[in-house]
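What follows is a short report on a single structure.
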Amino acid sequence: MNPEELKETYTTLLNAYLFGGDDEAALYKAYEFSRESIQERVGLEEIAAVHIDGIGKLINKVPFNEIPLIISKSSIFLLEFIMNFSLLYKEYFELWEKTGSQLHEAIKQTGDALTACLDLDETLKIISSLMQKTTGSDSILIYLLKNSHLKQVHTDNIVIETLPKEAATHSTLAWDAISDATIKISITPEDMKKYPAPRIKNGIKPSSALAIPLIGKNMVIGAIECYYEIPHALIGVDNNTLLNLASSAARSIENIYRLKGTNEHKNMLTPDEAASRCKVARRIILGEGVEGYHLPNKICKGLKGLIEHLDSIKDEDVRWVVRWIEYLGDTELAVQIKAHPEEFKEIISNRYEQLKKFVL
């Protein structure tokens, strides 16, 4: 249906309704024509335009004092005409909500399944497959955080020889996602130039990418980078859904670490490693060599001092606490709090318990 056909038919039907004398028959024809218009993918803005044009032409043949009545009556015709559009949009949004609910439930179920898997390699495969399907990406690169460095542990559909060197991982999109505890998107050519990116399996250089942090309950696990052959914007899944999925994935890896005893303890380290770890821990726990956190009537030295006054810290002060913790050098703790600010007291307490064995 071309614009002229739409305008001519609509105006004819409107004229029949306003001046034909058989309102019911005219409205029924309008209803039928609206169904045809929907099938022809006519937009509401086009209907509004032809209605205004049609009523403008038709009121020229009526006395001036009858124009308000004609315009009022024409609005009934317009409402009847767009009734089908209203029903269509309602069905569309109901379907969208149902689809979104199904997607969220599927992600939740998959997340639950992830936590039941205790093999790291298999878990990484599941995470990679799920993220690839959820984000619609062409390739996946998973990093795990090891001693403040990102280590590439799993790839899918990536040319291995083109992977960023591990020495450069602090300049990756994944590292920025971890640092800000949020999803990072690189979609323009200028954005893509900022970060090292591997080539997709067919040798194509990706045109866009996104990075999702993996933040568990008690530790920062790493991040996932998703690459696309063409510029891509996330559609059909929101950031919170992806972050929740990534959180489930992170907790599954966290469980594997815990159950397999891979969490480091000072008696598992070499003497040099233990000494280095103790020095860092004393800085964070006791605040040695650094400025304390200032409360109204108290200066807290390290996490030990902060723990004693956690109840004095208000929710609006959390961002300042995060900056101070970054200043201490505990990036991992800062990221955890950024990801779950409402749980900052519990997160700080857990971190204190983790590190105090290297100091006290």
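Ligands are numbered from 1 in the order shown, residues from 1 within each chain, and chains are lettered A, B, ... in the order they appear in the structure tokens.
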Using the chain letters and numbers from this document, which residues of region 4-229 of chain A does DSSP assign to helix (DSSP H, G or I), as a PyMOL selection string?
-> chain A and resi 4-19+23-39+44-61+64-115+120-135+160-162+166-171+173-180+189-194
Near Tyr293 (chain A), within 12 Å and counting only C-alpha atoms, which residues show up once chain neighbours fewer than 2 positions away are dropped, as a PyMOL selection string?
-> chain A and resi 284+286-287+290-291+295-307+309-310+313+317-318+320-328
Can those selected residues be exported to a file as a short mmCIF file (atom, residue, chain, number, x, y, z; two decimals), in the first residue's frame so that it contains N, CA, C and O atoms?
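Result file selection_15.cif:
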data_model
loop_
_atom_site.label_atom_id
_atom_site.label_comp_id
_atom_site.auth_asym_id
_atom_site.auth_seq_id
_atom_site.Cartn_x
_atom_site.Cartn_y
_atom_site.Cartn_z
N ILE A 284 47.50 -3.11 54.07
CA ILE A 284 46.04 -3.07 53.96
C ILE A 284 45.37 -3.22 55.32
O ILE A 284 44.45 -2.48 55.66
N LEU A 286 46.85 -3.08 58.57
CA LEU A 286 47.29 -2.18 59.63
C LEU A 286 47.51 -0.75 59.16
O LEU A 286 47.72 0.15 59.98
N GLY A 287 47.50 -0.55 57.84
CA GLY A 287 47.70 0.80 57.32
C GLY A 287 49.12 1.30 57.45
O GLY A 287 49.34 2.52 57.54
N VAL A 290 50.78 4.33 55.13
CA VAL A 290 49.75 5.03 54.34
C VAL A 290 48.86 5.85 55.27
O VAL A 290 48.81 5.63 56.48
N GLU A 291 48.15 6.80 54.67
CA GLU A 291 47.24 7.65 55.41
C GLU A 291 45.99 6.86 55.81
O GLU A 291 45.50 6.02 55.05
N LEU A 295 37.35 9.63 59.88
CA LEU A 295 35.98 9.76 60.35
C LEU A 295 35.89 11.07 61.14
O LEU A 295 36.93 11.66 61.47
N PRO A 296 34.70 11.55 61.48
CA PRO A 296 34.58 12.84 62.18
C PRO A 296 35.48 12.96 63.41
O PRO A 296 36.09 14.00 63.63
N ASN A 297 35.57 11.92 64.23
CA ASN A 297 36.36 12.02 65.46
C ASN A 297 37.40 10.91 65.57
O ASN A 297 37.85 10.58 66.67
N LYS A 298 37.78 10.35 64.41
CA LYS A 298 38.68 9.21 64.47
C LYS A 298 39.39 9.03 63.13
O LYS A 298 38.82 9.29 62.08
N ILE A 299 40.65 8.59 63.19
CA ILE A 299 41.38 8.20 62.00
C ILE A 299 41.58 6.69 62.04
O ILE A 299 42.19 6.17 62.99
N CYS A 300 41.06 6.00 61.06
CA CYS A 300 41.13 4.53 61.01
C CYS A 300 42.39 4.11 60.26
O CYS A 300 42.55 4.45 59.09
N LYS A 301 43.25 3.38 60.93
CA LYS A 301 44.46 2.87 60.29
C LYS A 301 44.19 1.49 59.70
O LYS A 301 43.98 0.51 60.43
N GLY A 302 44.17 1.40 58.39
CA GLY A 302 43.96 0.13 57.72
C GLY A 302 42.57 -0.45 57.98
O GLY A 302 41.72 0.16 58.62
N LEU A 303 42.37 -1.66 57.45
CA LEU A 303 41.07 -2.31 57.62
C LEU A 303 40.79 -2.62 59.09
O LEU A 303 39.63 -2.64 59.51
N LYS A 304 41.84 -2.87 59.86
CA LYS A 304 41.64 -3.18 61.28
C LYS A 304 40.95 -2.00 61.98
O LYS A 304 40.01 -2.18 62.76
N GLY A 305 41.42 -0.79 61.68
CA GLY A 305 40.79 0.38 62.27
C GLY A 305 39.40 0.62 61.72
O GLY A 305 38.50 1.05 62.44
N LEU A 306 39.23 0.33 60.43
CA LEU A 306 37.93 0.54 59.81
C LEU A 306 36.88 -0.42 60.37
O LEU A 306 35.73 -0.04 60.59
N ILE A 307 37.29 -1.68 60.60
CA ILE A 307 36.38 -2.69 61.12
C ILE A 307 35.78 -2.24 62.45
O ILE A 307 34.60 -2.45 62.74
N HIS A 309 35.00 0.59 63.38
CA HIS A 309 34.06 1.72 63.27
C HIS A 309 33.15 1.60 62.05
O HIS A 309 32.67 2.60 61.52
N LEU A 310 32.89 0.37 61.61
CA LEU A 310 32.04 0.17 60.43
C LEU A 310 30.65 0.76 60.61
O LEU A 310 30.06 1.30 59.67
N ILE A 313 29.96 4.34 59.48
CA ILE A 313 30.03 4.70 58.06
C ILE A 313 28.63 4.63 57.45
O ILE A 313 27.95 3.61 57.53
N ASP A 317 28.68 7.41 52.27
CA ASP A 317 30.13 7.54 52.40
C ASP A 317 30.88 6.37 51.76
O ASP A 317 32.12 6.37 51.74
N VAL A 318 30.15 5.39 51.27
CA VAL A 318 30.79 4.17 50.76
C VAL A 318 31.75 4.48 49.62
O VAL A 318 32.84 3.91 49.52
N TRP A 320 33.59 7.00 49.20
CA TRP A 320 34.86 7.52 49.72
C TRP A 320 35.69 6.39 50.34
O TRP A 320 36.92 6.38 50.23
N VAL A 321 35.00 5.46 50.96
CA VAL A 321 35.70 4.29 51.51
C VAL A 321 36.36 3.50 50.37
O VAL A 321 37.50 3.05 50.49
N VAL A 322 35.64 3.36 49.26
CA VAL A 322 36.18 2.63 48.10
C VAL A 322 37.45 3.31 47.59
O VAL A 322 38.45 2.64 47.30
N ARG A 323 37.42 4.62 47.49
CA ARG A 323 38.61 5.34 47.01
C ARG A 323 39.79 5.15 47.96
O ARG A 323 40.93 5.00 47.53
N TRP A 324 39.50 5.16 49.26
CA TRP A 324 40.57 4.96 50.24
C TRP A 324 41.13 3.54 50.14
O TRP A 324 42.35 3.34 50.23
N ILE A 325 40.27 2.57 49.93
CA ILE A 325 40.72 1.18 49.80
C ILE A 325 41.58 1.02 48.53
O ILE A 325 42.58 0.30 48.53
N GLU A 326 41.20 1.70 47.46
CA GLU A 326 42.03 1.69 46.25
C GLU A 326 43.39 2.31 46.54
O GLU A 326 44.42 1.83 46.05
N TYR A 327 43.39 3.36 47.35
CA TYR A 327 44.65 4.01 47.76
C TYR A 327 45.51 3.04 48.57
O TYR A 327 46.74 3.00 48.42
N LEU A 328 44.86 2.21 49.40
CA LEU A 328 45.61 1.20 50.16
C LEU A 328 46.26 0.18 49.23
O LEU A 328 47.27 -0.44 49.58
#
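With distances restricted to only C-alpha atoms, A:Pro206 is the closest residue to Ile158 (chain A) from A:Ile183, A:Ala177, A:Pro206, A:Tyr143.
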As a VMD selection string, please: all residues of region 241-360 of chain A that backbone DSSP puts in strand (DSSP E or B).
-> chain A and resid 293 to 295 298 to 300
Find the residues near Leu214 (chain A): any atom within 12 Å, counting only C-alpha atoms, skip ones fewer than 4 places away on the same chain, and give them as a ChimeraX atom specification.
-> /A:124,127,131,142-145,150,174-175,177-183,218-225,242-254,332,335-336,339
Straight-line distance linking CA of Val280 (chain A) with CA of Glu166 (chain A), stated in Å to one decimal | 22.7 Å
For region 59-70 of chain A: contacts at 8 Å, only C-alpha atoms, fewer than 4 positions along chain excluded, given as an MDAnalysis selection string = chainID A and resid 18 55 74
Selection near Ser34 (chain A), 10 Å with only C-alpha atoms, sequence-local residues under 4 positions removed, as a list in words |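 What passes the distance filter is Tyr10, Tyr28, Lys29, Ala30, Ile38, Gln39, Glu40, Val42, Ile47, Glu80, Phe81, Ile82, Met83, Asn84 and Phe85 of chain A.
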Could you write those residues out with N, CA and C atoms, as a PDB file, in the first residue's frame?
ATOM      1  N   TYR A  10      -8.451   6.186   3.300  1.00  0.00           N
ATOM      2  CA  TYR A  10      -8.782   6.689   4.636  1.00  0.00           C
ATOM      3  C   TYR A  10      -9.734   7.878   4.538  1.00  0.00           C
ATOM      4  N   TYR A  28     -17.291  -0.008  10.803  1.00  0.00           N
ATOM      5  CA  TYR A  28     -16.879  -1.389  10.536  1.00  0.00           C
ATOM      6  C   TYR A  28     -15.871  -1.430   9.385  1.00  0.00           C
ATOM      7  N   LYS A  29     -16.141  -0.637   8.343  1.00  0.00           N
ATOM      8  CA  LYS A  29     -15.194  -0.583   7.224  1.00  0.00           C
ATOM      9  C   LYS A  29     -13.845  -0.011   7.674  1.00  0.00           C
ATOM     10  N   ALA A  30     -13.892   0.963   8.583  1.00  0.00           N
ATOM     11  CA  ALA A  30     -12.649   1.532   9.117  1.00  0.00           C
ATOM     12  C   ALA A  30     -11.867   0.469   9.887  1.00  0.00           C
ATOM     13  N   ILE A  38      -2.343  -2.682   9.086  1.00  0.00           N
ATOM     14  CA  ILE A  38      -1.358  -3.339   9.947  1.00  0.00           C
ATOM     15  C   ILE A  38      -0.572  -4.379   9.162  1.00  0.00           C
ATOM     16  N   GLN A  39      -1.287  -5.157   8.349  1.00  0.00           N
ATOM     17  CA  GLN A  39      -0.623  -6.176   7.534  1.00  0.00           C
ATOM     18  C   GLN A  39       0.354  -5.548   6.546  1.00  0.00           C
ATOM     19  N   GLU A  40       0.035  -4.328   6.109  1.00  0.00           N
ATOM     20  CA  GLU A  40       0.905  -3.617   5.171  1.00  0.00           C
ATOM     21  C   GLU A  40       1.987  -2.818   5.904  1.00  0.00           C
ATOM     22  N   VAL A  42       1.764  -0.315   8.007  1.00  0.00           N
ATOM     23  CA  VAL A  42       1.559   1.130   8.091  1.00  0.00           C
ATOM     24  C   VAL A  42       1.752   1.557   9.540  1.00  0.00           C
ATOM     25  N   ILE A  47      -0.881   7.129   9.947  1.00  0.00           N
ATOM     26  CA  ILE A  47      -2.330   7.258  10.146  1.00  0.00           C
ATOM     27  C   ILE A  47      -2.670   8.655  10.658  1.00  0.00           C
ATOM     28  N   GLU A  80     -11.507   4.412  16.643  1.00  0.00           N
ATOM     29  CA  GLU A  80     -11.939   3.097  16.163  1.00  0.00           C
ATOM     30  C   GLU A  80     -10.900   2.514  15.207  1.00  0.00           C
ATOM     31  N   PHE A  81     -10.341   3.379  14.387  1.00  0.00           N
ATOM     32  CA  PHE A  81      -9.370   2.922  13.396  1.00  0.00           C
ATOM     33  C   PHE A  81      -8.109   2.370  14.063  1.00  0.00           C
ATOM     34  N   ILE A  82      -7.652   3.047  15.114  1.00  0.00           N
ATOM     35  CA  ILE A  82      -6.385   2.626  15.730  1.00  0.00           C
ATOM     36  C   ILE A  82      -6.581   1.558  16.806  1.00  0.00           C
ATOM     37  N   MET A  83      -7.821   1.105  17.009  1.00  0.00           N
ATOM     38  CA  MET A  83      -8.070   0.084  18.022  1.00  0.00           C
ATOM     39  C   MET A  83      -7.249  -1.175  17.756  1.00  0.00           C
ATOM     40  N   ASN A  84      -7.187  -1.574  16.496  1.00  0.00           N
ATOM     41  CA  ASN A  84      -6.402  -2.763  16.153  1.00  0.00           C
ATOM     42  C   ASN A  84      -4.920  -2.563  16.456  1.00  0.00           C
ATOM     43  N   PHE A  85      -4.440  -1.334  16.222  1.00  0.00           N
ATOM     44  CA  PHE A  85      -3.039  -1.043  16.535  1.00  0.00           C
ATOM     45  C   PHE A  85      -2.788  -1.202  18.030  1.00  0.00           C
TER      46      PHE A  85
END
With only C-alpha atoms as the basis for distance, which of A:Arg199, A:Lys165, A:Arg258, A:His170 is at the shortest distance from Ser139 (chain A)?
->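 With only C-alpha atoms as the atom set, the closest residue is A:Arg199.
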